[in-house]
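Data block below; observations after.
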Amino acid sequence: VHRATDFGLESEKYLGDESAQLRFLREARAAASVRHPNVASVFHLGRSAEGYFYAMEFVEGETLQNLIKRSGRLEVKLALDIATQVTAGLVAVHKKKLVHRDIKPSNIMVSFEEEGAVTAKIIDLGLAKVADEAGAQTTISASGAFAGTPEFASPEQFAGVGVDIRSDLYSLGVVVWKMVTGNVLFR
């Protein structure tokens, strides 16, 4: 379950900000509309006394981060299978005019079938934002605040300028690098 506080709406200032609430609701509804086998589905959007929340499907398996930690560098074929599936999931996300903004190994779940086939699924659309907002900020909470994970973030996320599909593709490239080398590009 993700709450509005997971999206930088933790202070009363933002919870009371109608435009921030509307943005959270719009982006949560857009995330809930994504249906793809390589993206965890959002099932419910609601409000409690503490604020808004959404609940997403439980995904079996382990995070790609844990797989890399446990296995070390992955074989190129496995890394490409995972990257291909994540790319397919990103296409579905982007068709809904969303940008994930936090593609990283801990936001990708992997599971293996008995015959060894891998399934990869993007989780945690918590930082997703609508890509076509005029003058959209890179974060929900406040102008100029950083959203994402530094080792996997695109240069435009650091610069605080608008993000689009290229930001997620950059992050996926860093994930692929991590899978095949065991290291990130930059620290």
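In the structure tokens, chains take the letters A, B, ... in the order shown, each chain's residues start at 1, and ligands count up from 1 in the order shown.
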
For this session: Find the spatial neighbours of Ile103 (chain A), counting only C-alpha atoms, within a cut-off of 12 Å - ignore same-chain residues fewer than 3 positions away - and output them as a PyMOL selection string.
Result: chain A and resi 39+64-65+83+86-87+89-90+93+99-100+106-109+121-128+147-154+165-176

Would you tabulate, counting only C-alpha atoms, all residues of region 19-102 of chain A that have an atom at most 12 Å from an atom of region 114-118 of chain A, showing the closest pair of atoms and their distance in Å to one decimal, sorted by chain then ascending number, as a tab-separated table?
residue	atom	partner	partner_atom	distance
A:Asn38	CA	A:Val118	CA	11.3
A:Gly61	CA	A:Val118	CA	10.1
A:Glu62	CA	A:Val118	CA	11.4
A:Leu64	CA	A:Val118	CA	11.2
A:Leu67	CA	A:Val118	CA	11.7
A:Lys77	CA	A:Val118	CA	10.7
A:Leu78	CA	A:Val118	CA	7.7
A:Ala79	CA	A:Val118	CA	10.0
A:Leu80	CA	A:Val118	CA	10.7
A:Asp81	CA	A:Val118	CA	7.4
A:Ile82	CA	A:Val118	CA	7.3
A:Ala83	CA	A:Val118	CA	11.0
A:Thr84	CA	A:Val118	CA	11.0
A:Gln85	CA	A:Val118	CA	9.4
A:Val86	CA	A:Val118	CA	11.7

Would you put the residues from that selection into a file with all heavy atoms, as a CSV table (one decimal), in the first residue's frame?
chain,number,residue,atom,x,y,z
A,38,ASN,N,4.0,-7.1,-17.4
A,38,ASN,CA,5.3,-6.7,-16.9
A,38,ASN,C,5.3,-5.5,-16.0
A,38,ASN,O,6.3,-4.8,-15.7
A,38,ASN,CB,6.4,-6.5,-18.0
A,38,ASN,CG,6.6,-7.8,-18.8
A,38,ASN,OD1,6.2,-7.8,-20.0
A,38,ASN,ND2,7.1,-8.8,-18.2
A,61,GLY,N,8.3,-13.6,-6.1
A,61,GLY,CA,9.6,-13.6,-6.6
A,61,GLY,C,10.5,-12.8,-5.7
A,61,GLY,O,10.3,-12.6,-4.5
A,62,GLU,N,11.6,-12.3,-6.3
A,62,GLU,CA,12.5,-11.4,-5.5
A,62,GLU,C,12.9,-10.2,-6.4
A,62,GLU,O,12.7,-10.2,-7.6
A,62,GLU,CB,13.8,-12.2,-5.2
A,62,GLU,CG,14.6,-12.6,-6.4
A,62,GLU,CD,15.9,-13.4,-6.0
A,62,GLU,OE1,16.6,-13.1,-5.1
A,62,GLU,OE2,16.2,-14.4,-6.7
A,64,LEU,N,15.2,-7.7,-8.4
A,64,LEU,CA,16.4,-7.8,-9.2
A,64,LEU,C,17.6,-7.4,-8.4
A,64,LEU,O,18.6,-8.1,-8.5
A,64,LEU,CB,16.3,-6.9,-10.4
A,64,LEU,CG,17.4,-6.9,-11.4
A,64,LEU,CD1,17.8,-8.3,-11.9
A,64,LEU,CD2,17.2,-6.0,-12.6
A,67,LEU,N,18.5,-10.5,-6.5
A,67,LEU,CA,19.1,-11.5,-7.5
A,67,LEU,C,20.5,-11.1,-7.8
A,67,LEU,O,21.4,-12.0,-7.8
A,67,LEU,CB,18.3,-11.6,-8.7
A,67,LEU,CG,18.8,-12.5,-9.8
A,67,LEU,CD1,18.9,-14.0,-9.4
A,67,LEU,CD2,18.0,-12.4,-11.1
A,77,LYS,N,22.4,-13.2,-21.5
A,77,LYS,CA,21.1,-13.6,-22.0
A,77,LYS,C,20.0,-13.3,-21.0
A,77,LYS,O,19.0,-12.8,-21.3
A,77,LYS,CB,21.1,-15.1,-22.4
A,77,LYS,CG,19.8,-15.5,-22.9
A,77,LYS,CD,19.7,-17.0,-23.2
A,77,LYS,CE,18.4,-17.5,-23.8
A,77,LYS,NZ,17.2,-16.8,-23.4
A,78,LEU,N,20.3,-13.6,-19.7
A,78,LEU,CA,19.3,-13.4,-18.6
A,78,LEU,C,19.1,-11.9,-18.5
A,78,LEU,O,18.0,-11.4,-18.4
A,78,LEU,CB,19.8,-14.0,-17.3
A,78,LEU,CG,18.9,-13.7,-16.1
A,78,LEU,CD1,17.5,-14.2,-16.3
A,78,LEU,CD2,19.6,-14.3,-14.8
A,79,ALA,N,20.2,-11.1,-18.5
A,79,ALA,CA,20.1,-9.6,-18.4
A,79,ALA,C,19.2,-9.1,-19.5
A,79,ALA,O,18.4,-8.2,-19.3
A,79,ALA,CB,21.4,-9.0,-18.3
A,80,LEU,N,19.4,-9.6,-20.7
A,80,LEU,CA,18.7,-9.1,-21.9
A,80,LEU,C,17.2,-9.5,-21.8
A,80,LEU,O,16.3,-8.8,-22.2
A,80,LEU,CB,19.3,-9.6,-23.2
A,80,LEU,CG,20.7,-8.9,-23.5
A,80,LEU,CD1,21.3,-9.5,-24.8
A,80,LEU,CD2,20.5,-7.4,-23.6
A,81,ASP,N,16.9,-10.7,-21.3
A,81,ASP,CA,15.5,-11.2,-21.1
A,81,ASP,C,14.8,-10.3,-20.1
A,81,ASP,O,13.7,-9.8,-20.4
A,81,ASP,CB,15.5,-12.6,-20.6
A,81,ASP,CG,15.8,-13.7,-21.6
A,81,ASP,OD1,15.8,-13.3,-22.8
A,81,ASP,OD2,16.0,-14.8,-21.2
A,82,ILE,N,15.5,-9.9,-19.0
A,82,ILE,CA,14.9,-9.0,-18.0
A,82,ILE,C,14.7,-7.7,-18.6
A,82,ILE,O,13.6,-7.1,-18.5
A,82,ILE,CB,15.8,-9.0,-16.8
A,82,ILE,CG1,15.7,-10.4,-16.1
A,82,ILE,CG2,15.3,-7.9,-15.8
A,82,ILE,CD1,16.7,-10.6,-15.0
A,83,ALA,N,15.7,-7.1,-19.3
A,83,ALA,CA,15.6,-5.8,-19.9
A,83,ALA,C,14.5,-5.7,-20.9
A,83,ALA,O,13.8,-4.7,-21.0
A,83,ALA,CB,17.0,-5.4,-20.5
A,84,THR,N,14.4,-6.7,-21.7
A,84,THR,CA,13.3,-6.8,-22.8
A,84,THR,C,11.9,-6.7,-22.1
A,84,THR,O,11.1,-5.9,-22.6
A,84,THR,CB,13.4,-8.0,-23.6
A,84,THR,OG1,14.7,-8.0,-24.3
A,84,THR,CG2,12.3,-8.1,-24.7
A,85,GLN,N,11.7,-7.4,-21.0
A,85,GLN,CA,10.4,-7.4,-20.3
A,85,GLN,C,10.2,-6.1,-19.6
A,85,GLN,O,9.1,-5.6,-19.7
A,85,GLN,CB,10.4,-8.6,-19.4
A,85,GLN,CG,10.3,-9.9,-20.1
A,85,GLN,CD,10.2,-11.1,-19.1
A,85,GLN,OE1,9.4,-11.0,-18.1
A,85,GLN,NE2,11.0,-12.1,-19.3
A,86,VAL,N,11.2,-5.5,-19.0
A,86,VAL,CA,11.1,-4.2,-18.4
A,86,VAL,C,10.7,-3.2,-19.5
A,86,VAL,O,9.9,-2.3,-19.3
A,86,VAL,CB,12.3,-3.8,-17.6
A,86,VAL,CG1,12.2,-2.4,-17.1
A,86,VAL,CG2,12.5,-4.8,-16.4

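Checking A:Arg23, A:His44, A:Glu60, A:Leu185 one by one against Thr119 (chain A), counting only C-alpha atoms, you find the shortest gap at A:Glu60.
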
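The space between CA of Trp177 (chain A) and CA of Lys95 (chain A) spans 25.5 Å.
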
For this session: Please indicate the distance in Å from CA of Lys97 (chain A) to CA of Val110 (chain A), rounded to one decimal place.
Result: 24.9 Å

I need the residues in region 9-140 of chain A that are helix (DSSP H, G or I) according to DSSP; give them as a CSV table (one decimal) with C-alpha atoms, in the first residue's frame.
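Below is the file that was written, result_11.csv:
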chain,number,residue,atom,x,y,z
A,12,GLU,CA,0.0,19.3,6.2
A,13,LYS,CA,1.1,22.0,3.7
A,14,TYR,CA,0.9,19.6,0.8
A,15,LEU,CA,-1.9,17.4,2.2
A,18,GLU,CA,-5.7,21.0,-3.3
A,19,SER,CA,-3.5,21.1,-6.5
A,20,ALA,CA,-1.1,18.6,-4.9
A,21,GLN,CA,-4.0,16.4,-3.9
A,22,LEU,CA,-5.5,16.6,-7.4
A,23,ARG,CA,-2.1,15.8,-9.0
A,24,PHE,CA,-1.7,12.8,-6.7
A,25,LEU,CA,-5.2,11.5,-7.6
A,26,ARG,CA,-4.6,12.1,-11.3
A,27,GLU,CA,-1.3,10.3,-11.3
A,28,ALA,CA,-2.5,7.4,-9.1
A,29,ARG,CA,-5.5,6.9,-11.4
A,30,ALA,CA,-3.2,6.9,-14.4
A,31,ALA,CA,-1.0,4.3,-12.7
A,32,ALA,CA,-4.1,2.3,-11.9
A,64,LEU,CA,16.4,-7.8,-9.2
A,65,GLN,CA,18.5,-6.1,-6.6
A,66,ASN,CA,18.5,-9.3,-4.4
A,67,LEU,CA,19.1,-11.5,-7.5
A,68,ILE,CA,22.2,-9.5,-8.4
A,69,LYS,CA,23.4,-9.5,-4.8
A,70,ARG,CA,22.9,-13.2,-4.5
A,71,SER,CA,24.2,-14.1,-8.0
A,76,VAL,CA,24.1,-11.6,-20.7
A,77,LYS,CA,21.1,-13.6,-22.0
A,78,LEU,CA,19.3,-13.4,-18.6
A,79,ALA,CA,20.1,-9.6,-18.4
A,80,LEU,CA,18.7,-9.1,-21.9
A,81,ASP,CA,15.5,-11.2,-21.1
A,82,ILE,CA,14.9,-9.0,-18.0
A,83,ALA,CA,15.6,-5.8,-19.9
A,84,THR,CA,13.3,-6.8,-22.8
A,85,GLN,CA,10.4,-7.4,-20.3
A,86,VAL,CA,11.1,-4.2,-18.4
A,87,THR,CA,11.1,-2.3,-21.7
A,88,ALA,CA,7.7,-3.9,-22.6
A,89,GLY,CA,6.4,-2.7,-19.3
A,90,LEU,CA,7.7,0.8,-19.8
A,91,VAL,CA,6.0,1.0,-23.2
A,92,ALA,CA,2.7,0.3,-21.4
A,93,VAL,CA,3.5,2.9,-18.7
A,94,HIS,CA,4.4,5.5,-21.3
A,95,LYS,CA,1.3,4.7,-23.4
A,105,PRO,CA,16.8,-3.1,-9.5
A,106,SER,CA,14.8,-2.8,-6.3
A,107,ASN,CA,11.7,-1.8,-8.3

For this session: Taking the chain letters and numbering used in this document, name the residues of region 53-178 of chain A that DSSP puts in strand (DSSP E), as a VMD selection string.
Result: chain A and resid 53 to 56 62 to 63 98 to 99 108 to 112 118 to 122 129 to 130

Exercise. So, counting only C-alpha atoms, which residue among A:Val130, A:Ala49, A:Val34, A:Val180 is closest to Arg101 (chain A)?
Worked result: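 The closest residue to Arg101 (chain A) is A:Val130.
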